[in-house]
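First comes the structure, then the notes that go with it.
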Amino acid sequence: MSPLHSLATEAGLLIDWEDAAGDPQRVSDEALVAVLAALGLPADSPAAIAESRRHLAEDQAASCSFVSADVGKPVALPAGCLREGPVELVTEAGDRRSVTLTKDRSGLSLPAIDVPGYYQLVQGDHTIRLAIAPRRCFGVADAAGGKRLWGTAVQIAGLRDPHRAFGDFGTLAEAARAFAGKGADALAISPVHALFPADASRYSPYAPSSRLFLNILYADPALAGANVEEPASAELIDWSAAIPARLRQLRAAFAARSDAVRAEVADYARKGGDELLRHARFEALHAHFFQESGATGWQGWPAVFHDPAGDAVARFAAEHAEEVDFYLFCQWLAKRSLDAAQRAATDGGMALGLIADLAVGMDGGGSHAWSRRDDLLTGLSLGAPPDLLGPEGQSWGITGFSPRALQRTAFEPYIATLRAALDHAGGIRIDHALGLRRLWVVPEGASPRDGAYLTMPLDDMLRVLAIESHRARAVVIGEDLGTVPEGFRPKMDERGMLGMRVLPFERDEDGFIPADRWSQEAAAMTGTHDLATVAGWWVERDIDWNWRLGRTRPDAVEADERATRAEERALLWQAFSDAGVADAPEPSDDSAPAVDAALAFVAGTPCELAILPIEDLIGAEEQPNLPGTIDEHPNWRRRMPAPTPELLDRPDVARRVARINAMRNG
């Protein structure tokens, strides 16, 4: 192995990997050098490689601050961290007891610990954080016995209210009550992470400023006593007008806040501590410099403001105290509003209520990167190699946690992120869960094809996830679509993380997999926000869009694609007929029978949980998002045709919901 390849391997990069078709691939040396440079490991000369290997070895030897293990099993400790003999074990409550480290051929170990949670292992001046995990995540059976649950998935902004320009947490609460009244036990929602409220062009929920805080644009002004009257848009949300209008409402609510509200916000700010204050300062600074110079992220601010603990930031905060207080108020109101939505769901009888969506990363110019940039992979964009969903590969323009930083910080940023997502939910969907095992990282400005896989500490991350899942009593769904590494799904199954079984992808060499063969420990779905709806797929709306936008292979022939779709429709209808959810000839130009059958087919699977997107429940043809597009397709702008209670009372929707309930309870 060459010195470059040795360095890449030691840094956690995969030189050889298999693509979605199972074909072997190798990362070029040029791409390795670029990725290593972004990781802070120069490799453009033999001397640089040698120095980077030395630096990496020192970093790994000094990074002995976190160990995870399973409850009831001995805890293996890294070599060189502690000495054989007595150590002090400290519980989260501060209780202390002496234990003895023993040594054998495999190294040092600690006796098994029988209570899950976090511990400190102290010996002299060295402390290790222990994460002792339950064997499995909190599951559907824990929440609802042997019942097979169902729920829907919604894009919060798309929920309609005649008095609001886009859906918010108040609209979400109304939807939760409506679905709970129809027998649903879960409501999966789009990400609610903090965005960039001063910039009305940034409304994608998957490119957040921070995953530790909430999108204040979803705060319900009515909960602060404001009169919510906005010009409601028609089919599409006009974010350029809607976001400034919502901020004006929030400012009016802030100006009119009562003494009681002031006291609540002050108490919330005290509990939020420095992290919350830094985020509020970031939002004030971002609004200031975006208006002054168009700076989209902290890198575009004057250099003196790059340090969140610097004097310039402190002076700005003092001079703009009212503005910082406004953003603290908005975070308080957003949390209060989202908590109310979860209460509406559970008070209505839902076993789970909201299922939060954890985006895979965050914007490198955002709040988290400004205040805690050492947590992240600087100079690298997360993405995906070429696959069926993205033949040219994908670079998402977001960054994520550095595995070296996670070890150095005892996984504190990851733990905080999970807790923020689970604070208001009975479940969590982890976007691109494959990133727990490995991340496709692309140097900024490079083609997605010139990226590489960076391995992540999967076992540690799954154990922490299991701990936090039980503490929040929340089920875990992992988006396991795309290029799935060998052994990943068995790891998910072992930890009780539900995979996603999505109708268009559940196929084998004979066609679509019969409903009764779908995995029990999985979430069954007719589709996702990134896929064509059932109706849209049936009438080839996705093919229409791809050809309209030129999103096809150079050798593609439109007539061939449509002929292939006709064959696929026949196979799917045959699967519906075999499952007994369709008893008529295949419909030609009417998608409604296909929607009926698809919903019943997925509801009839043995999967513990079925998530049926609201777009499919109402038979919509357009999908919320078209991956790989920004302005070419109206991503994250589509609205429901009516408020949720009205939609659920439509005869066709009511009939579908009744059938779903019968299938799930049968």
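A note on labels: chains of the structure tokens are A, B, ... as shown, every chain counts residues from 1, and ligands are counted from 1 in their shown order.
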Quiz item: Leaving out region 106-120 of chain A and any residue of its chain fewer than 6 positions from it, which residues lie within 7 Å of it when counting only C-alpha atoms, given as a PyMOL selection string?
Solution: chain A and resi 71-77+79+84+89-92+100+127-134+467
Atoms to include: N, CA and C atoms. Write the selected residues as a compact mmCIF listing (two decimals), in the first residue's frame.
# COMPACT_ATOMS: atom_id res chain seq x y z
N VAL A 71 -25.40 -2.67 27.55
CA VAL A 71 -25.76 -2.98 28.93
C VAL A 71 -25.56 -4.48 29.19
N GLY A 72 -25.00 -4.80 30.34
CA GLY A 72 -24.83 -6.19 30.73
C GLY A 72 -23.64 -6.89 30.14
N LYS A 73 -22.80 -6.15 29.39
CA LYS A 73 -21.62 -6.75 28.78
C LYS A 73 -20.37 -6.02 29.26
N PRO A 74 -19.24 -6.75 29.41
CA PRO A 74 -18.00 -6.07 29.81
C PRO A 74 -17.65 -4.94 28.84
N VAL A 75 -17.03 -3.90 29.37
CA VAL A 75 -16.70 -2.72 28.58
C VAL A 75 -15.23 -2.78 28.19
N ALA A 76 -14.97 -2.91 26.90
CA ALA A 76 -13.59 -2.91 26.41
C ALA A 76 -13.10 -1.47 26.32
N LEU A 77 -11.87 -1.23 26.80
CA LEU A 77 -11.30 0.11 26.81
C LEU A 77 -10.11 0.19 25.85
N ALA A 79 -6.52 0.81 24.28
CA ALA A 79 -5.19 0.67 24.86
C ALA A 79 -4.57 2.04 25.12
N GLU A 84 -4.36 -0.59 34.42
CA GLU A 84 -4.99 -1.69 35.15
C GLU A 84 -5.10 -1.32 36.62
N LEU A 89 -16.13 5.07 39.10
CA LEU A 89 -17.26 5.13 38.17
C LEU A 89 -18.28 6.12 38.74
N VAL A 90 -18.61 7.15 37.95
CA VAL A 90 -19.49 8.21 38.41
C VAL A 90 -20.76 8.19 37.57
N THR A 91 -21.92 8.12 38.23
CA THR A 91 -23.19 8.12 37.52
C THR A 91 -23.61 9.54 37.17
N GLU A 92 -24.66 9.66 36.36
CA GLU A 92 -25.16 10.98 36.00
C GLU A 92 -25.69 11.74 37.21
N THR A 100 -12.79 -2.08 39.30
CA THR A 100 -11.43 -2.49 38.97
C THR A 100 -11.31 -2.84 37.48
N THR A 127 -10.31 11.39 32.47
CA THR A 127 -11.73 11.04 32.54
C THR A 127 -12.21 10.56 31.18
N ILE A 128 -12.94 9.46 31.19
CA ILE A 128 -13.57 8.92 29.98
C ILE A 128 -15.07 8.94 30.18
N ARG A 129 -15.80 9.38 29.16
CA ARG A 129 -17.25 9.30 29.21
C ARG A 129 -17.68 7.95 28.67
N LEU A 130 -18.51 7.23 29.44
CA LEU A 130 -19.04 5.94 29.03
C LEU A 130 -20.49 6.10 28.60
N ALA A 131 -20.85 5.50 27.50
CA ALA A 131 -22.23 5.43 27.06
C ALA A 131 -22.64 3.97 27.08
N ILE A 132 -23.51 3.60 28.01
CA ILE A 132 -23.95 2.21 28.15
C ILE A 132 -25.36 2.13 27.59
N ALA A 133 -25.50 1.40 26.50
CA ALA A 133 -26.73 1.43 25.72
C ALA A 133 -27.63 0.24 26.00
N PRO A 134 -28.95 0.45 25.95
CA PRO A 134 -29.86 -0.70 25.90
C PRO A 134 -29.63 -1.45 24.60
N ILE A 467 -29.78 4.98 23.56
CA ILE A 467 -29.97 5.63 24.86
C ILE A 467 -30.98 6.76 24.75
Quiz prompt | Which of region 457-594 of chain A fall in helix (DSSP H, G or I), as a count of residues only | solution = 67
Closest atom pairs, residues of region 146-258 of chain A within 12 Å of region 280-302 of chain A, only C-alpha atoms, as a Markdown table:
| residue | atom | partner | partner_atom | distance |
| --- | --- | --- | --- | --- |
| A:Ala194 | CA | A:Glu283 | CA | 9.6 |
| A:Leu195 | CA | A:Glu283 | CA | 9.4 |
| A:Phe196 | CA | A:Glu283 | CA | 7.4 |
| A:Pro197 | CA | A:Glu283 | CA | 7.8 |
| A:Ala198 | CA | A:Ala287 | CA | 5.1 |
| A:Asp199 | CA | A:Phe290 | CA | 7.5 |
| A:Ala200 | CA | A:Phe290 | CA | 11.0 |
| A:Ser201 | CA | A:Thr296 | CA | 10.4 |
| A:Arg202 | CA | A:Thr296 | CA | 9.8 |
| A:Pro208 | CA | A:Gly297 | CA | 11.8 |
| A:Ser209 | CA | A:Gly297 | CA | 9.2 |
| A:Ser210 | CA | A:Phe282 | CA | 10.5 |
| A:Leu212 | CA | A:Ala280 | CA | 11.9 |
| A:Phe213 | CA | A:Ala280 | CA | 9.8 |
| A:Leu214 | CA | A:Ala280 | CA | 11.2 |
| A:Asn215 | CA | A:Glu283 | CA | 11.2 |
| A:Ile216 | CA | A:Glu283 | CA | 10.5 |
| A:Pro244 | CA | A:Ala287 | CA | 11.9 |
| A:Leu247 | CA | A:Ala287 | CA | 11.7 |
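Closest approach to Thr9 (chain A) from the set A:Ala532, A:Leu454, A:Leu406, A:Leu626 is made by A:Leu454, with distances taken over only C-alpha atoms.
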Exercise. Choose the residue, out of A:Val442, A:Ala351, A:Ala219, A:Ala579, that has the smallest atom-to-atom separation from Ala143 (chain A); count only C-alpha atoms.
Key: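 Closest residue, counting only C-alpha atoms: A:Ala351.
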Practice problem: Please identify all polymer residues within 9 Å of Asp480 (chain A), counting only C-alpha atoms, omitting same-chain residues fewer than 2 positions from it, and present them as a ChimeraX atom specification. | Solution: /A:431-434,477-478,482-484,488-489,499-501
Please write the residues from the selection above to a file, keeping N, CA and C atoms, as an mmCIF file, in the first residue's frame.
data_model
loop_
_atom_site.group_PDB
_atom_site.id
_atom_site.type_symbol
_atom_site.label_atom_id
_atom_site.label_comp_id
_atom_site.auth_asym_id
_atom_site.auth_seq_id
_atom_site.Cartn_x
_atom_site.Cartn_y
_atom_site.Cartn_z
ATOM 1 N N ASP A 431 -32.582 11.225 8.351
ATOM 2 C CA ASP A 431 -32.353 11.393 6.922
ATOM 3 C C ASP A 431 -30.984 10.821 6.554
ATOM 4 N N HIS A 432 -30.935 10.081 5.456
ATOM 5 C CA HIS A 432 -29.679 9.489 4.987
ATOM 6 C C HIS A 432 -28.962 8.782 6.147
ATOM 7 N N ALA A 433 -29.670 7.830 6.741
ATOM 8 C CA ALA A 433 -29.103 7.104 7.883
ATOM 9 C C ALA A 433 -27.820 6.374 7.535
ATOM 10 N N LEU A 434 -27.580 6.150 6.243
ATOM 11 C CA LEU A 434 -26.326 5.525 5.837
ATOM 12 C C LEU A 434 -25.133 6.345 6.306
ATOM 13 N N ILE A 477 -36.574 5.671 12.913
ATOM 14 C CA ILE A 477 -36.632 5.222 11.520
ATOM 15 C C ILE A 477 -35.366 5.706 10.832
ATOM 16 N N GLY A 478 -34.720 4.825 10.111
ATOM 17 C CA GLY A 478 -33.524 5.216 9.372
ATOM 18 C C GLY A 478 -33.779 5.168 7.882
ATOM 19 N N GLY A 482 -30.668 4.104 -1.306
ATOM 20 C CA GLY A 482 -29.454 4.493 -2.023
ATOM 21 C C GLY A 482 -28.437 3.372 -2.029
ATOM 22 N N THR A 483 -27.147 3.758 -2.006
ATOM 23 C CA THR A 483 -26.056 2.784 -2.028
ATOM 24 C C THR A 483 -25.821 2.303 -0.599
ATOM 25 N N VAL A 484 -26.428 1.183 -0.231
ATOM 26 C CA VAL A 484 -26.407 0.691 1.146
ATOM 27 C C VAL A 484 -25.181 -0.194 1.350
ATOM 28 N N PHE A 488 -24.978 -3.017 6.793
ATOM 29 C CA PHE A 488 -25.594 -1.885 7.485
ATOM 30 C C PHE A 488 -26.999 -2.222 7.972
ATOM 31 N N ARG A 489 -27.810 -2.827 7.097
ATOM 32 C CA ARG A 489 -29.177 -3.136 7.506
ATOM 33 C C ARG A 489 -29.232 -4.152 8.655
ATOM 34 N N GLY A 499 -36.081 0.261 9.298
ATOM 35 C CA GLY A 499 -35.706 0.687 7.960
ATOM 36 C C GLY A 499 -36.926 1.199 7.217
ATOM 37 N N MET A 500 -36.713 1.727 6.022
ATOM 38 C CA MET A 500 -37.799 2.230 5.188
ATOM 39 C C MET A 500 -38.019 1.269 4.026
ATOM 40 N N ARG A 501 -39.245 0.775 3.904
ATOM 41 C CA ARG A 501 -39.614 -0.081 2.790
ATOM 42 C C ARG A 501 -40.587 0.716 1.928
#
Practice problem: Write out as a list in words each polymer residue whose atoms come within 12 Å of Arg54 (chain A), counting only C-alpha atoms; drop sequence neighbours fewer than 4 positions from it. | Solution: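 Here the answer would be Ser6, Leu7, Glu10, Ala11, Leu41, Pro42, Ala47, Ala48, Ile49, Ala50, Glu58, Asp59, Gln60 and Ala61 of chain A.
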Output of the above residues as an mmCIF file, in the first residue's frame, restricted to all heavy atoms:
data_model
loop_
_atom_site.group_PDB
_atom_site.id
_atom_site.type_symbol
_atom_site.label_atom_id
_atom_site.label_comp_id
_atom_site.auth_asym_id
_atom_site.auth_seq_id
_atom_site.Cartn_x
_atom_site.Cartn_y
_atom_site.Cartn_z
ATOM 1 N N SER A 6 -2.070 4.608 2.641
ATOM 2 C CA SER A 6 -1.993 4.324 4.076
ATOM 3 C C SER A 6 -2.571 5.482 4.885
ATOM 4 O O SER A 6 -3.351 5.284 5.827
ATOM 5 C CB SER A 6 -0.544 4.070 4.493
ATOM 6 O OG SER A 6 -0.039 2.899 3.891
ATOM 7 N N LEU A 7 -2.208 6.701 4.521
ATOM 8 C CA LEU A 7 -2.747 7.875 5.209
ATOM 9 C C LEU A 7 -4.259 7.942 5.038
ATOM 10 O O LEU A 7 -4.991 8.195 6.010
ATOM 11 C CB LEU A 7 -2.096 9.145 4.663
ATOM 12 C CG LEU A 7 -2.696 10.473 5.157
ATOM 13 C CD1 LEU A 7 -2.570 10.601 6.671
ATOM 14 C CD2 LEU A 7 -2.031 11.651 4.446
ATOM 15 N N GLU A 10 -5.894 5.346 7.245
ATOM 16 C CA GLU A 10 -5.807 5.732 8.657
ATOM 17 C C GLU A 10 -6.761 6.878 8.982
ATOM 18 O O GLU A 10 -7.255 6.986 10.112
ATOM 19 C CB GLU A 10 -4.369 6.118 8.997
ATOM 20 C CG GLU A 10 -3.401 4.939 8.961
ATOM 21 C CD GLU A 10 -1.946 5.361 8.794
ATOM 22 O OE1 GLU A 10 -1.666 6.585 8.836
ATOM 23 O OE2 GLU A 10 -1.095 4.469 8.592
ATOM 24 N N ALA A 11 -7.038 7.731 8.003
ATOM 25 C CA ALA A 11 -7.949 8.858 8.212
ATOM 26 C C ALA A 11 -9.413 8.449 8.072
ATOM 27 O O ALA A 11 -10.303 9.285 8.268
ATOM 28 C CB ALA A 11 -7.634 9.971 7.206
ATOM 29 N N LEU A 41 -5.196 17.255 6.599
ATOM 30 C CA LEU A 41 -4.103 16.297 6.471
ATOM 31 C C LEU A 41 -3.462 16.441 5.091
ATOM 32 O O LEU A 41 -3.749 15.666 4.163
ATOM 33 C CB LEU A 41 -4.622 14.868 6.671
ATOM 34 C CG LEU A 41 -5.257 14.561 8.034
ATOM 35 C CD1 LEU A 41 -5.988 13.226 8.005
ATOM 36 C CD2 LEU A 41 -4.198 14.572 9.132
ATOM 37 N N PRO A 42 -2.604 17.429 4.894
ATOM 38 C CA PRO A 42 -1.978 17.640 3.578
ATOM 39 C C PRO A 42 -1.283 16.378 3.084
ATOM 40 O O PRO A 42 -0.629 15.667 3.855
ATOM 41 C CB PRO A 42 -0.979 18.763 3.840
ATOM 42 C CG PRO A 42 -1.509 19.479 5.043
ATOM 43 C CD PRO A 42 -2.155 18.425 5.886
ATOM 44 N N ALA A 47 6.792 14.329 2.010
ATOM 45 C CA ALA A 47 7.031 14.927 3.329
ATOM 46 C C ALA A 47 5.715 15.292 3.998
ATOM 47 O O ALA A 47 5.539 15.093 5.217
ATOM 48 C CB ALA A 47 7.921 16.157 3.183
ATOM 49 N N ALA A 48 4.769 15.842 3.220
ATOM 50 C CA ALA A 48 3.476 16.218 3.782
ATOM 51 C C ALA A 48 2.717 14.989 4.265
ATOM 52 O O ALA A 48 2.072 15.018 5.324
ATOM 53 C CB ALA A 48 2.657 16.978 2.740
ATOM 54 N N ILE A 49 2.803 13.893 3.508
ATOM 55 C CA ILE A 49 2.120 12.658 3.900
ATOM 56 C C ILE A 49 2.699 12.137 5.216
ATOM 57 O O ILE A 49 1.958 11.752 6.131
ATOM 58 C CB ILE A 49 2.234 11.601 2.793
ATOM 59 C CG1 ILE A 49 1.416 12.033 1.572
ATOM 60 C CG2 ILE A 49 1.771 10.235 3.293
ATOM 61 C CD1 ILE A 49 1.616 11.146 0.349
ATOM 62 N N ALA A 50 4.015 12.139 5.326
ATOM 63 C CA ALA A 50 4.652 11.651 6.555
ATOM 64 C C ALA A 50 4.249 12.501 7.752
ATOM 65 O O ALA A 50 3.954 11.973 8.841
ATOM 66 C CB ALA A 50 6.172 11.655 6.384
ATOM 67 N N GLU A 58 -0.817 11.067 16.568
ATOM 68 C CA GLU A 58 -0.835 11.797 17.837
ATOM 69 C C GLU A 58 -2.254 12.183 18.226
ATOM 70 O O GLU A 58 -2.642 12.093 19.396
ATOM 71 C CB GLU A 58 0.038 13.051 17.727
ATOM 72 C CG GLU A 58 1.529 12.765 17.626
ATOM 73 C CD GLU A 58 2.339 14.030 17.447
ATOM 74 O OE1 GLU A 58 1.724 15.111 17.265
ATOM 75 O OE2 GLU A 58 3.587 13.945 17.481
ATOM 76 N N ASP A 59 -3.028 12.614 17.238
ATOM 77 C CA ASP A 59 -4.405 13.028 17.499
ATOM 78 C C ASP A 59 -5.234 11.852 17.996
ATOM 79 O O ASP A 59 -6.011 11.973 18.944
ATOM 80 C CB ASP A 59 -5.010 13.606 16.215
ATOM 81 C CG ASP A 59 -6.361 14.243 16.448
ATOM 82 O OD1 ASP A 59 -6.532 14.911 17.476
ATOM 83 O OD2 ASP A 59 -7.250 14.077 15.588
ATOM 84 N N GLN A 60 -5.055 10.689 17.371
ATOM 85 C CA GLN A 60 -5.829 9.521 17.771
ATOM 86 C C GLN A 60 -5.406 9.018 19.149
ATOM 87 O O GLN A 60 -6.245 8.566 19.938
ATOM 88 C CB GLN A 60 -5.678 8.423 16.717
ATOM 89 C CG GLN A 60 -6.365 8.761 15.398
ATOM 90 C CD GLN A 60 -6.055 7.785 14.278
ATOM 91 O OE1 GLN A 60 -5.068 7.043 14.345
ATOM 92 N NE2 GLN A 60 -6.879 7.781 13.239
ATOM 93 N N ALA A 61 -4.131 9.116 19.471
ATOM 94 C CA ALA A 61 -3.659 8.671 20.786
ATOM 95 C C ALA A 61 -4.180 9.570 21.900
ATOM 96 O O ALA A 61 -4.492 9.109 23.008
ATOM 97 C CB ALA A 61 -2.134 8.653 20.808
#
Practice problem: Write out as an MDAnalysis selection string which residues come within 12 Å of Met350 (chain A) when counting only C-alpha atoms, dropping same-chain ones fewer than 2 positions away. | Solution: chainID A and resid 143:144 149:152 176:187 341:348 352:355 425:427
Quiz item: Which of these, A:Ala515, A:Leu380, A:Val304, A:Ala334, has the shortest distance to Gly40 (chain A) once you count only C-alpha atoms?
Solution: A:Leu380
Exercise. Determine the nearest neighbour of Ala658 (chain A) from the options A:Met1, A:Glu174, A:Ala603, A:Asp357, counting only C-alpha atoms.
Key: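 Nearest to Ala658 (chain A): A:Ala603.
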Quiz item: Between A:His306, A:Arg270, A:Arg438, A:Arg553, which one has atoms that come closest to Glu392 (chain A), using only C-alpha atoms?
Solution: A:Arg553
Practice problem: For region 410-412 of chain A, list every protein, DNA or RNA residue within 7 Å, evaluated using only C-alpha atoms, and leave out those in the same chain fewer than 3 positions away; present the list as JSON, numbers by chain. | Solution: {"A": [65, 66, 129, 406, 407, 415, 416]}
Practice problem: Name the residues in contact with region 400-404 of chain A at a cut-off of 7 Å, using only C-alpha atoms, excluding same-chain residues fewer than 5 positions from it; report them as a list of chain:residue names. | Solution: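 Counting only the stated atoms, we get A:Gly361, A:Met362, A:Asp375, A:Leu376, A:Leu377, A:Met456, A:Pro457.
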Exercise. Go through A:Arg656, A:Arg26, A:Arg548, A:Arg517 one by one, measure the shortest atom-to-atom distance of each to Ala452 (chain A) using only C-alpha atoms, and give the residue with the smallest value.
Key: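 Of the candidates, the smallest distance to Ala452 (chain A) is held by A:Arg26.
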Quiz prompt | Atomic separation - CA of Asp530 (chain A) relative to CA of Gly445 (chain A), Å | solution =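 For CA of Gly445 (chain A) relative to CA of Asp530 (chain A), the distance reads 24.5 Å.
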